[in-house]
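Since the structure comes first, as structure tokens, the remarks are kept for the end.
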Amino acid sequence: MEIGLSSLVGILPEIILIVGGLLILLLDATTGKREDSGRGYMVISVLFLLVGLIGVVFQMGAEPQMALAMVAVDPFALFVKLIIYGAMLLVSIAGGGYLNKHVSARGEFWSSFLFITAAMSIAVSAANLLLIFVAIEFLSITSYILVGFLREDLRSSEAGLKYFLYGSVASAGMLYGMSLLYGASGSLNLADIGATMRDNRDLAVVLIPAAVLVMAGLGFKASLAPFFQWTPDTYEGAPTPVTAYLATASKTVGFAVIARVMLVGFAPAREVWVPLLGGLAILTMFAGNLMALRQTNVKRMLAYSSIAQAGYML
């Protein structure tokens, strides 16, 4: 019982967000049209995000631990969570009024907003390939919904569809790369995969295709070249606060997962993936800056600018 309680404390911020999302869904189902403005749902979202952020701050003073044997509660994950929660708080406060004015199903939107934050929070802490994939898929599917939430706007619907199609292909490639890692190592745990690769150098033949496929999926989330084709159309068609979320919190998750997978799971094979990331960084910087020069739409220009910045960070 003590182990279970400790594990639940380790994922307390995520539990808080999920409870908040379920509360909004319950209120939306019971109040019906009486909550027309959506302001109440926005206030609930902000409060639960703030409580979750406070929970992360309190966790920073504790010793690193593994919650449920798959979730790493360490300084790196907590630092990234601070960025995610802070970004989502700013998006909800600055863009909440705009969203409530233009979105019809406000209860569904704000509950999805909290669920997507919980998914990002779990993804950056995941130390298990299966949990990483499930968290990123939950994050991606919810993102597709938020991007296409303006159902009367054809550009929003088109952006959601393109995001979904590109994301499905990227997820399939990433899953295949993860299956190669599992088949070669016999484990889904990143630390165990790294140890197996260190002890058995014959697995090098699997590393290159696995690294390329995993980077294709994760590079999609971080808008790295050549996996960025979805970014300009999605940024342009999505509601502006959702675009802000995609350019900040979502991109942060992509880089955090790349860092954990490469530095833990692929640690013994730096000679394989360091040149790969270096080449992707150069390509991303050049592609983002050159394509941004000819843009006449502000949101598309910012999309290509964010691609270039992704190259700098990589």
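Chain identifiers are assigned as A, B, and so on, following the order in which chains appear in the structure tokens; residues are numbered from 1 within each chain, and ligands are numbered from 1 in order of appearance.
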
Within 12 Å of region 181-204 of chain A: each region 53-105 of chain A residue with its shortest pair, only C-alpha atoms, as JSON lines:
```
{"residue": "A:Met66", "atom": "CA", "partner": "A:Asn189", "partner_atom": "CA", "distance": 11.8}
{"residue": "A:Ala69", "atom": "CA", "partner": "A:Asn189", "partner_atom": "CA", "distance": 9.2}
{"residue": "A:Met70", "atom": "CA", "partner": "A:Asn189", "partner_atom": "CA", "distance": 7.6}
{"residue": "A:Val71", "atom": "CA", "partner": "A:Asn189", "partner_atom": "CA", "distance": 10.5}
{"residue": "A:Ala72", "atom": "CA", "partner": "A:Leu190", "partner_atom": "CA", "distance": 10.9}
```

Show which residues sit within 10 Å of Ala244 (chain A), as a ChimeraX atom specification. Count only C-alpha atoms, and ignore same-chain residues fewer than 4 positions away.
/A:87-88,90-91,95,235,238-240,248-250

Since we have the selection now, will you write its residues out, keeping N, CA and C atoms, as a compact mmCIF listing (two decimals), in the first residue's frame?
```
# COMPACT_ATOMS: atom_id res chain seq x y z
N ALA A 87 3.19 27.41 -19.89
CA ALA A 87 2.73 27.77 -21.23
C ALA A 87 1.23 27.57 -21.37
N MET A 88 0.71 26.47 -20.85
CA MET A 88 -0.73 26.22 -20.97
C MET A 88 -1.54 27.20 -20.12
N LEU A 90 -0.66 30.36 -19.59
CA LEU A 90 -0.66 31.60 -20.37
C LEU A 90 -1.62 31.51 -21.55
N VAL A 91 -1.63 30.35 -22.22
CA VAL A 91 -2.54 30.18 -23.36
C VAL A 91 -3.99 30.28 -22.90
N GLY A 95 -5.84 33.47 -24.21
CA GLY A 95 -6.70 33.10 -25.34
C GLY A 95 -8.06 32.57 -24.96
N TYR A 235 -0.75 25.64 -38.41
CA TYR A 235 -0.66 26.89 -37.67
C TYR A 235 -1.64 27.93 -38.23
N ALA A 238 -5.55 26.58 -37.51
CA ALA A 238 -5.98 26.34 -36.13
C ALA A 238 -6.38 27.63 -35.45
N PRO A 239 -7.26 27.55 -34.42
CA PRO A 239 -7.53 28.75 -33.61
C PRO A 239 -6.23 29.30 -33.05
N THR A 240 -6.10 30.61 -33.00
CA THR A 240 -4.83 31.23 -32.63
C THR A 240 -4.28 30.75 -31.28
N THR A 248 4.60 26.14 -28.49
CA THR A 248 5.32 26.23 -27.21
C THR A 248 5.33 24.87 -26.50
N ALA A 249 4.23 24.54 -25.85
CA ALA A 249 4.19 23.34 -25.01
C ALA A 249 4.38 22.06 -25.83
N SER A 250 3.69 21.95 -26.95
CA SER A 250 3.79 20.73 -27.76
C SER A 250 5.21 20.52 -28.27
```

What's the separation between CA of Ala303 (chain A) and CA of Gly217 (chain A), in Å to one decimal place?
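Atom-to-atom, CA of Ala303 (chain A) and CA of Gly217 (chain A) are spaced 18.9 Å apart.
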
Name the residues of region 38-265 of chain A that come out as strand (DSSP E) in a backbone DSSP run; write them as a ChimeraX atom specification.
/A:65-67,71-73

Tell me which protein, DNA and RNA residues are within 12 Å of Ile83 (chain A), counting only C-alpha atoms, leaving out same-chain ones fewer than 5 positions away, and put them as a list in words.
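Listing them by chain and then by number gives Leu53, Val56, Val57, Phe76, Ala77, Leu78, Met88, Leu89, Leu90, Thr117, Met120, Ser121, Val124, Tyr245, Thr248, Ala249, Ser250, Lys251, Thr252, Val253 and Ala256 of chain A.
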
Go ahead and write the selection's residues with C-alpha atoms as a compact mmCIF listing (two decimals), in the first residue's frame.
```
# COMPACT_ATOMS: atom_id res chain seq x y z
CA LEU A 53 1.85 23.68 -11.28
CA VAL A 56 5.16 20.19 -9.61
CA VAL A 57 6.95 22.89 -7.59
CA PHE A 76 14.65 17.05 -15.92
CA ALA A 77 11.00 15.99 -16.12
CA LEU A 78 9.94 18.47 -13.45
CA MET A 88 -0.73 26.22 -20.97
CA LEU A 89 -1.66 28.64 -18.19
CA LEU A 90 -0.66 31.60 -20.37
CA THR A 117 -1.75 18.94 -20.60
CA MET A 120 2.22 16.11 -22.20
CA SER A 121 3.13 15.84 -18.52
CA VAL A 124 8.05 13.99 -20.64
CA TYR A 245 0.04 25.85 -27.69
CA THR A 248 5.32 26.23 -27.21
CA ALA A 249 4.19 23.34 -25.01
CA SER A 250 3.79 20.73 -27.76
CA LYS A 251 7.22 21.49 -29.22
CA THR A 252 8.76 21.33 -25.75
CA VAL A 253 7.36 17.82 -25.30
CA ALA A 256 12.03 16.45 -23.99
```

Compile the contact shell of Thr142 (chain A) as a list in words: residues with an atom at most 10 Å away, counting only C-alpha atoms, same-chain residues fewer than 5 positions apart removed.
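So the residues in contact are Phe109, Ser112, Phe113, Phe115, Ile116, Thr117, Ala119, Ile136, Glu137 and Val147 of chain A.
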
The selected residues should be written to file as a compact mmCIF listing (two decimals), in the first residue's frame (atoms: all heavy atoms).
```
# COMPACT_ATOMS: atom_id res chain seq x y z
N PHE A 109 -14.09 21.41 -25.24
CA PHE A 109 -12.80 22.03 -25.53
C PHE A 109 -11.95 22.15 -24.27
O PHE A 109 -10.78 21.76 -24.26
CB PHE A 109 -13.00 23.40 -26.16
CG PHE A 109 -11.70 24.06 -26.54
CD1 PHE A 109 -11.18 23.88 -27.81
CD2 PHE A 109 -10.99 24.85 -25.64
CE1 PHE A 109 -9.97 24.46 -28.17
CE2 PHE A 109 -9.79 25.43 -25.98
CZ PHE A 109 -9.28 25.24 -27.26
N SER A 112 -10.71 18.85 -22.95
CA SER A 112 -9.61 18.37 -23.80
C SER A 112 -8.34 19.15 -23.50
O SER A 112 -7.23 18.60 -23.57
CB SER A 112 -9.98 18.52 -25.28
OG SER A 112 -11.11 17.74 -25.60
N PHE A 113 -8.47 20.43 -23.18
CA PHE A 113 -7.32 21.27 -22.86
C PHE A 113 -6.58 20.72 -21.64
O PHE A 113 -5.34 20.67 -21.63
CB PHE A 113 -7.81 22.70 -22.60
CG PHE A 113 -6.73 23.73 -22.62
CD1 PHE A 113 -6.27 24.26 -23.81
CD2 PHE A 113 -6.17 24.20 -21.44
CE1 PHE A 113 -5.27 25.23 -23.83
CE2 PHE A 113 -5.18 25.16 -21.44
CZ PHE A 113 -4.73 25.67 -22.64
N PHE A 115 -6.87 17.54 -20.48
CA PHE A 115 -6.40 16.19 -20.80
C PHE A 115 -5.10 16.24 -21.60
O PHE A 115 -4.20 15.44 -21.39
CB PHE A 115 -7.46 15.44 -21.60
CG PHE A 115 -8.66 15.03 -20.79
CD1 PHE A 115 -9.93 15.01 -21.35
CD2 PHE A 115 -8.53 14.68 -19.46
CE1 PHE A 115 -11.03 14.64 -20.61
CE2 PHE A 115 -9.64 14.31 -18.69
CZ PHE A 115 -10.90 14.29 -19.27
N ILE A 116 -5.01 17.20 -22.53
CA ILE A 116 -3.81 17.28 -23.35
C ILE A 116 -2.61 17.73 -22.52
O ILE A 116 -1.48 17.29 -22.76
CB ILE A 116 -4.05 18.24 -24.54
CG1 ILE A 116 -3.12 17.90 -25.71
CG2 ILE A 116 -3.83 19.70 -24.17
CD1 ILE A 116 -3.45 18.63 -26.98
N THR A 117 -2.84 18.55 -21.51
CA THR A 117 -1.75 18.94 -20.60
C THR A 117 -1.28 17.74 -19.79
O THR A 117 -0.08 17.55 -19.58
CB THR A 117 -2.22 20.06 -19.67
OG1 THR A 117 -2.80 21.13 -20.44
CG2 THR A 117 -1.05 20.61 -18.87
N ALA A 119 -1.46 14.62 -20.76
CA ALA A 119 -0.72 13.75 -21.69
C ALA A 119 0.70 14.25 -21.89
O ALA A 119 1.66 13.45 -21.92
CB ALA A 119 -1.47 13.69 -23.02
N ILE A 136 2.12 10.00 -26.27
CA ILE A 136 2.24 10.83 -27.47
C ILE A 136 1.01 10.66 -28.37
O ILE A 136 0.54 11.63 -28.98
CB ILE A 136 3.54 10.50 -28.22
CG1 ILE A 136 4.74 11.02 -27.43
CG2 ILE A 136 3.54 11.10 -29.62
CD1 ILE A 136 6.07 10.77 -28.08
N GLU A 137 0.48 9.45 -28.45
CA GLU A 137 -0.72 9.24 -29.26
C GLU A 137 -1.93 9.96 -28.65
O GLU A 137 -2.73 10.57 -29.37
CB GLU A 137 -1.02 7.74 -29.40
CG GLU A 137 -0.20 7.06 -30.46
CD GLU A 137 -0.35 7.73 -31.81
OE1 GLU A 137 -1.41 7.58 -32.44
OE2 GLU A 137 0.58 8.43 -32.22
N VAL A 147 -7.16 21.40 -33.07
CA VAL A 147 -6.82 22.15 -34.29
C VAL A 147 -8.06 22.31 -35.16
O VAL A 147 -8.29 23.38 -35.74
CB VAL A 147 -5.69 21.43 -35.06
CG1 VAL A 147 -5.54 22.02 -36.46
CG2 VAL A 147 -4.38 21.56 -34.30
```

Just to confirm, what's the straight-line distance from CA of Glu271 (chain A) to CA of Ala172 (chain A) in Å (one decimal)?
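It comes out at 25.6 Å.
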
Across A:Ile84, A:Val214, A:Val205, A:Ala222, the smallest distance to Ser179 (chain A), with only C-alpha atoms counted, is shown by A:Val214

Report the distance between CA of Leu314 (chain A) and CA of Ala281 (chain A) in Å, rounded to one decimal place.
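CA of Ala281 (chain A) lies 5.6 Å from CA of Leu314 (chain A).
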
For each of A:Pro13, A:Gly21, A:Gly278, A:Gly38, take the minimum atom-to-atom distance to Phe58 (chain A), counting only C-alpha atoms, then give the residue where this is smallest.
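Looking at the shortest contact to Phe58 (chain A), the residue is A:Pro13.
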
Contacts of Leu99 (chain A) within 10 Å, only C-alpha atoms, excl. fewer than 2 positions in-chain, as a count of residues only:
21

May I ask which of the residues A:Ser143, A:Ser125, A:Thr234, A:Thr31 is the closest one to Pro75 (chain A), counting only C-alpha atoms?
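That would be A:Ser125, the residue with the smallest distance to Pro75 (chain A).
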
For Arg155 (chain A), which residue among A:Gly279, A:Pro232, A:Gly61, A:Gly55 is the nearest when counting only C-alpha atoms?
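The shortest atom-to-atom distance to Arg155 (chain A) comes from A:Pro232.
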
Between A:Leu8, A:Leu246, A:Ala127, A:Val206, which one has atoms that come closest to Tyr163 (chain A), using only C-alpha atoms?
A:Leu246

Taking only C-alpha atoms into account, name the residue in A:Tyr176, A:Tyr312, A:Phe286, A:Phe255 that is nearest to Phe220 (chain A).
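Closest residue, counting only C-alpha atoms: A:Phe255.
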
So which residues touch Trp230 (chain A) within 12 Å, counting only C-alpha atoms, skipping near sequence neighbours fewer than 4 positions away, as a CSV table (one decimal) with all heavy atoms, in the first residue's frame?
```csv
chain,number,residue,atom,x,y,z
A,144,TYR,N,-5.2,16.9,-32.7
A,144,TYR,CA,-6.0,16.9,-34.0
A,144,TYR,C,-7.4,17.5,-33.7
A,144,TYR,O,-7.9,18.3,-34.5
A,144,TYR,CB,-6.2,15.5,-34.5
A,144,TYR,CG,-4.9,14.7,-34.7
A,144,TYR,CD1,-4.9,13.3,-34.6
A,144,TYR,CD2,-3.7,15.3,-35.0
A,144,TYR,CE1,-3.8,12.6,-34.8
A,144,TYR,CE2,-2.5,14.6,-35.1
A,144,TYR,CZ,-2.6,13.2,-35.0
A,144,TYR,OH,-1.5,12.5,-35.2
A,147,VAL,N,-7.2,21.4,-33.1
A,147,VAL,CA,-6.8,22.1,-34.3
A,147,VAL,C,-8.1,22.3,-35.2
A,147,VAL,O,-8.3,23.4,-35.7
A,147,VAL,CB,-5.7,21.4,-35.1
A,147,VAL,CG1,-5.5,22.0,-36.5
A,147,VAL,CG2,-4.4,21.6,-34.3
A,158,GLU,N,-9.5,21.7,-42.5
A,158,GLU,CA,-8.4,21.2,-43.4
A,158,GLU,C,-7.1,21.1,-42.6
A,158,GLU,O,-6.4,20.1,-42.8
A,158,GLU,CB,-8.2,22.3,-44.5
A,158,GLU,CG,-7.1,21.9,-45.4
A,158,GLU,CD,-6.8,23.0,-46.5
A,158,GLU,OE1,-7.5,24.0,-46.5
A,158,GLU,OE2,-5.8,22.8,-47.2
A,159,ALA,N,-6.9,22.0,-41.7
A,159,ALA,CA,-5.7,21.9,-40.8
A,159,ALA,C,-5.7,20.7,-40.0
A,159,ALA,O,-4.7,20.0,-39.8
A,159,ALA,CB,-5.5,23.2,-40.0
A,160,GLY,N,-6.9,20.4,-39.4
A,160,GLY,CA,-7.0,19.2,-38.5
A,160,GLY,C,-6.8,17.9,-39.3
A,160,GLY,O,-6.1,17.0,-38.8
A,161,LEU,N,-7.3,17.9,-40.5
A,161,LEU,CA,-7.2,16.7,-41.4
A,161,LEU,C,-5.7,16.5,-41.8
A,161,LEU,O,-5.2,15.4,-41.7
A,161,LEU,CB,-8.1,16.8,-42.6
A,161,LEU,CG,-8.0,15.7,-43.6
A,161,LEU,CD1,-8.5,14.4,-42.9
A,161,LEU,CD2,-8.9,16.0,-44.8
A,162,LYS,N,-5.1,17.6,-42.2
A,162,LYS,CA,-3.7,17.4,-42.6
A,162,LYS,C,-2.8,17.0,-41.4
A,162,LYS,O,-1.9,16.1,-41.6
A,162,LYS,CB,-3.2,18.7,-43.2
A,162,LYS,CG,-3.7,19.1,-44.6
A,162,LYS,CD,-3.1,20.4,-45.1
A,162,LYS,CE,-3.6,20.6,-46.5
A,162,LYS,NZ,-3.1,21.9,-47.1
A,163,TYR,N,-3.1,17.6,-40.3
A,163,TYR,CA,-2.3,17.3,-39.1
A,163,TYR,C,-2.5,15.8,-38.7
A,163,TYR,O,-1.6,15.1,-38.4
A,163,TYR,CB,-2.8,18.1,-37.9
A,163,TYR,CG,-1.9,18.1,-36.7
A,163,TYR,CD1,-0.6,17.7,-36.7
A,163,TYR,CD2,-2.5,18.6,-35.5
A,163,TYR,CE1,0.1,17.7,-35.6
A,163,TYR,CE2,-1.7,18.7,-34.3
A,163,TYR,CZ,-0.4,18.2,-34.4
A,163,TYR,OH,0.4,18.2,-33.3
A,164,PHE,N,-3.7,15.3,-38.9
A,164,PHE,CA,-4.1,13.9,-38.6
A,164,PHE,C,-3.4,13.0,-39.6
A,164,PHE,O,-2.8,11.9,-39.1
A,164,PHE,CB,-5.6,13.7,-38.7
A,164,PHE,CG,-6.0,12.3,-38.7
A,164,PHE,CD1,-5.9,11.5,-37.6
A,164,PHE,CD2,-6.5,11.7,-39.9
A,164,PHE,CE1,-6.2,10.1,-37.6
A,164,PHE,CE2,-6.8,10.4,-39.9
A,164,PHE,CZ,-6.7,9.6,-38.8
A,165,LEU,N,-3.4,13.3,-40.8
A,165,LEU,CA,-2.8,12.4,-41.8
A,165,LEU,C,-1.3,12.3,-41.7
A,165,LEU,O,-0.7,11.2,-41.7
A,165,LEU,CB,-3.1,12.9,-43.3
A,165,LEU,CG,-4.6,12.8,-43.7
A,165,LEU,CD1,-4.8,13.4,-45.0
A,165,LEU,CD2,-5.1,11.3,-43.6
A,166,TYR,N,-0.6,13.4,-41.5
A,166,TYR,CA,0.8,13.4,-41.3
A,166,TYR,C,1.2,12.7,-40.0
A,166,TYR,O,2.1,11.9,-39.9
A,166,TYR,CB,1.4,14.9,-41.3
A,166,TYR,CG,1.6,15.5,-42.6
A,166,TYR,CD1,0.9,16.6,-43.0
A,166,TYR,CD2,2.5,14.9,-43.5
A,166,TYR,CE1,1.1,17.2,-44.3
A,166,TYR,CE2,2.7,15.5,-44.8
A,166,TYR,CZ,2.0,16.6,-45.1
A,166,TYR,OH,2.2,17.2,-46.4
A,167,GLY,N,0.4,13.0,-38.9
A,167,GLY,CA,0.7,12.4,-37.6
A,167,GLY,C,0.5,10.9,-37.6
A,167,GLY,O,1.3,10.2,-36.9
A,168,SER,N,-0.5,10.4,-38.3
A,168,SER,CA,-0.7,9.0,-38.4
A,168,SER,C,0.5,8.3,-39.0
A,168,SER,O,1.0,7.2,-38.5
A,168,SER,CB,-2.0,8.7,-39.2
A,168,SER,OG,-3.1,9.3,-38.6
A,169,VAL,N,1.0,8.8,-40.1
A,169,VAL,CA,2.2,8.2,-40.7
A,169,VAL,C,3.4,8.3,-39.8
A,169,VAL,O,4.2,7.3,-39.7
A,169,VAL,CB,2.5,8.9,-42.1
A,169,VAL,CG1,3.8,8.3,-42.7
A,169,VAL,CG2,1.3,8.7,-43.0
A,170,ALA,N,3.6,9.4,-39.2
A,170,ALA,CA,4.8,9.6,-38.3
A,170,ALA,C,4.7,8.6,-37.1
A,170,ALA,O,5.7,8.0,-36.7
A,170,ALA,CB,4.9,11.0,-37.8
A,219,GLY,N,10.5,13.7,-34.4
A,219,GLY,CA,10.8,14.9,-35.1
A,219,GLY,C,9.5,15.6,-35.7
A,219,GLY,O,9.4,16.8,-35.8
A,220,PHE,N,8.5,14.8,-35.9
A,220,PHE,CA,7.2,15.3,-36.3
A,220,PHE,C,6.6,16.2,-35.2
A,220,PHE,O,6.1,17.3,-35.5
A,220,PHE,CB,6.2,14.2,-36.6
A,220,PHE,CG,4.8,14.6,-36.8
A,220,PHE,CD1,4.3,15.1,-38.0
A,220,PHE,CD2,3.9,14.5,-35.7
A,220,PHE,CE1,3.0,15.5,-38.1
A,220,PHE,CE2,2.6,14.9,-35.8
A,220,PHE,CZ,2.1,15.4,-37.1
A,221,LYS,N,6.7,15.8,-34.0
A,221,LYS,CA,6.2,16.6,-32.9
A,221,LYS,C,7.0,17.9,-32.7
A,221,LYS,O,6.4,18.9,-32.3
A,221,LYS,CB,6.2,15.8,-31.5
A,221,LYS,CG,5.3,14.6,-31.5
A,221,LYS,CD,3.8,14.9,-31.8
A,221,LYS,CE,3.2,15.9,-30.9
A,221,LYS,NZ,1.8,16.3,-31.2
A,222,ALA,N,8.3,17.8,-32.9
A,222,ALA,CA,9.1,19.0,-32.8
A,222,ALA,C,9.3,19.8,-34.0
A,222,ALA,O,10.0,20.8,-34.0
A,222,ALA,CB,10.5,18.5,-32.3
A,223,SER,N,8.6,19.5,-35.1
A,223,SER,CA,8.6,20.2,-36.4
A,223,SER,C,10.0,20.3,-37.0
A,223,SER,O,10.5,21.3,-37.4
A,223,SER,CB,8.1,21.6,-36.2
A,223,SER,OG,6.8,21.6,-35.8
A,224,LEU,N,10.7,19.1,-36.9
A,224,LEU,CA,12.1,19.1,-37.5
A,224,LEU,C,12.0,18.7,-39.0
A,224,LEU,O,11.1,18.0,-39.4
A,224,LEU,CB,12.9,18.0,-36.8
A,224,LEU,CG,13.1,18.2,-35.3
A,224,LEU,CD1,13.9,17.0,-34.8
A,224,LEU,CD2,13.7,19.5,-35.0
A,225,ALA,N,12.9,19.2,-39.8
A,225,ALA,CA,13.0,18.9,-41.2
A,225,ALA,C,13.5,17.4,-41.3
A,225,ALA,O,14.4,17.0,-40.6
A,225,ALA,CB,13.9,19.8,-42.0
A,226,PRO,N,13.0,16.7,-42.3
A,226,PRO,CA,11.9,17.0,-43.3
A,226,PRO,C,10.5,16.6,-42.8
A,226,PRO,O,9.7,16.2,-43.7
A,226,PRO,CB,12.4,16.1,-44.5
A,226,PRO,CG,12.9,14.9,-43.8
A,226,PRO,CD,13.5,15.3,-42.5
A,234,THR,N,-1.3,23.9,-40.6
A,234,THR,CA,-1.9,23.7,-39.3
A,234,THR,C,-1.9,24.9,-38.4
A,234,THR,O,-2.9,25.3,-37.8
A,234,THR,CB,-1.2,22.5,-38.5
A,234,THR,OG1,-1.3,21.3,-39.3
A,234,THR,CG2,-1.9,22.3,-37.2
A,235,TYR,N,-0.8,25.6,-38.4
A,235,TYR,CA,-0.7,26.9,-37.7
A,235,TYR,C,-1.6,27.9,-38.2
A,235,TYR,O,-2.2,28.7,-37.5
A,235,TYR,CB,0.8,27.4,-37.7
A,235,TYR,CG,1.7,26.8,-36.7
A,235,TYR,CD1,1.6,25.5,-36.4
A,235,TYR,CD2,2.7,27.6,-36.2
A,235,TYR,CE1,2.5,25.0,-35.5
A,235,TYR,CE2,3.6,27.1,-35.3
A,235,TYR,CZ,3.5,25.7,-34.9
A,235,TYR,OH,4.4,25.2,-34.0
A,236,GLU,N,-1.8,28.0,-39.6
A,236,GLU,CA,-2.6,29.0,-40.2
A,236,GLU,C,-4.1,28.7,-39.9
A,236,GLU,O,-4.9,29.6,-39.7
A,236,GLU,CB,-2.4,29.0,-41.7
A,236,GLU,CG,-3.2,30.0,-42.4
A,236,GLU,CD,-3.0,30.0,-43.9
A,236,GLU,OE1,-2.3,29.1,-44.4
A,236,GLU,OE2,-3.5,30.9,-44.6
A,237,GLY,N,-4.5,27.4,-40.0
A,237,GLY,CA,-5.9,27.1,-39.9
A,237,GLY,C,-6.4,26.9,-38.4
A,237,GLY,O,-7.6,27.1,-38.2
A,238,ALA,N,-5.5,26.6,-37.5
A,238,ALA,CA,-6.0,26.3,-36.1
A,238,ALA,C,-6.4,27.6,-35.4
A,238,ALA,O,-5.9,28.7,-35.8
A,238,ALA,CB,-4.8,25.7,-35.4
A,246,LEU,N,0.7,24.8,-29.8
A,246,LEU,CA,1.5,24.0,-30.7
A,246,LEU,C,2.9,24.5,-30.8
A,246,LEU,O,3.9,23.7,-30.9
A,246,LEU,CB,0.9,23.9,-32.1
A,246,LEU,CG,-0.4,23.1,-32.2
A,246,LEU,CD1,-1.0,23.3,-33.6
A,246,LEU,CD2,-0.2,21.7,-31.9
A,300,ARG,N,1.8,31.8,-41.1
A,300,ARG,CA,2.7,30.9,-41.8
A,300,ARG,C,4.2,31.3,-41.6
A,300,ARG,O,5.0,30.4,-41.5
A,300,ARG,CB,2.3,30.9,-43.3
A,300,ARG,CG,1.0,30.2,-43.6
A,300,ARG,CD,0.7,30.2,-45.1
A,300,ARG,NE,1.6,29.2,-45.7
A,300,ARG,CZ,1.2,27.9,-45.9
A,300,ARG,NH1,0.1,27.5,-45.4
A,300,ARG,NH2,2.1,27.1,-46.5
A,303,ALA,N,5.2,30.1,-38.4
A,303,ALA,CA,5.3,28.6,-38.4
A,303,ALA,C,6.7,28.2,-38.9
A,303,ALA,O,7.4,27.4,-38.3
A,303,ALA,CB,4.3,28.0,-39.3
A,304,TYR,N,7.1,28.8,-40.0
A,304,TYR,CA,8.5,28.6,-40.5
A,304,TYR,C,9.6,29.1,-39.5
A,304,TYR,O,10.6,28.5,-39.4
A,304,TYR,CB,8.7,29.1,-41.9
A,304,TYR,CG,8.0,28.4,-43.0
A,304,TYR,CD1,6.9,28.9,-43.7
A,304,TYR,CD2,8.4,27.1,-43.3
A,304,TYR,CE1,6.3,28.1,-44.7
A,304,TYR,CE2,7.8,26.3,-44.3
A,304,TYR,CZ,6.7,26.9,-44.9
A,304,TYR,OH,6.1,26.1,-45.9
A,307,ILE,N,10.0,26.5,-37.0
A,307,ILE,CA,10.8,25.4,-37.5
A,307,ILE,C,12.3,25.7,-37.4
A,307,ILE,O,13.1,24.9,-37.0
A,307,ILE,CB,10.4,25.1,-39.0
A,307,ILE,CG1,9.0,24.6,-39.0
A,307,ILE,CG2,11.4,24.1,-39.6
A,307,ILE,CD1,8.4,24.5,-40.4
```
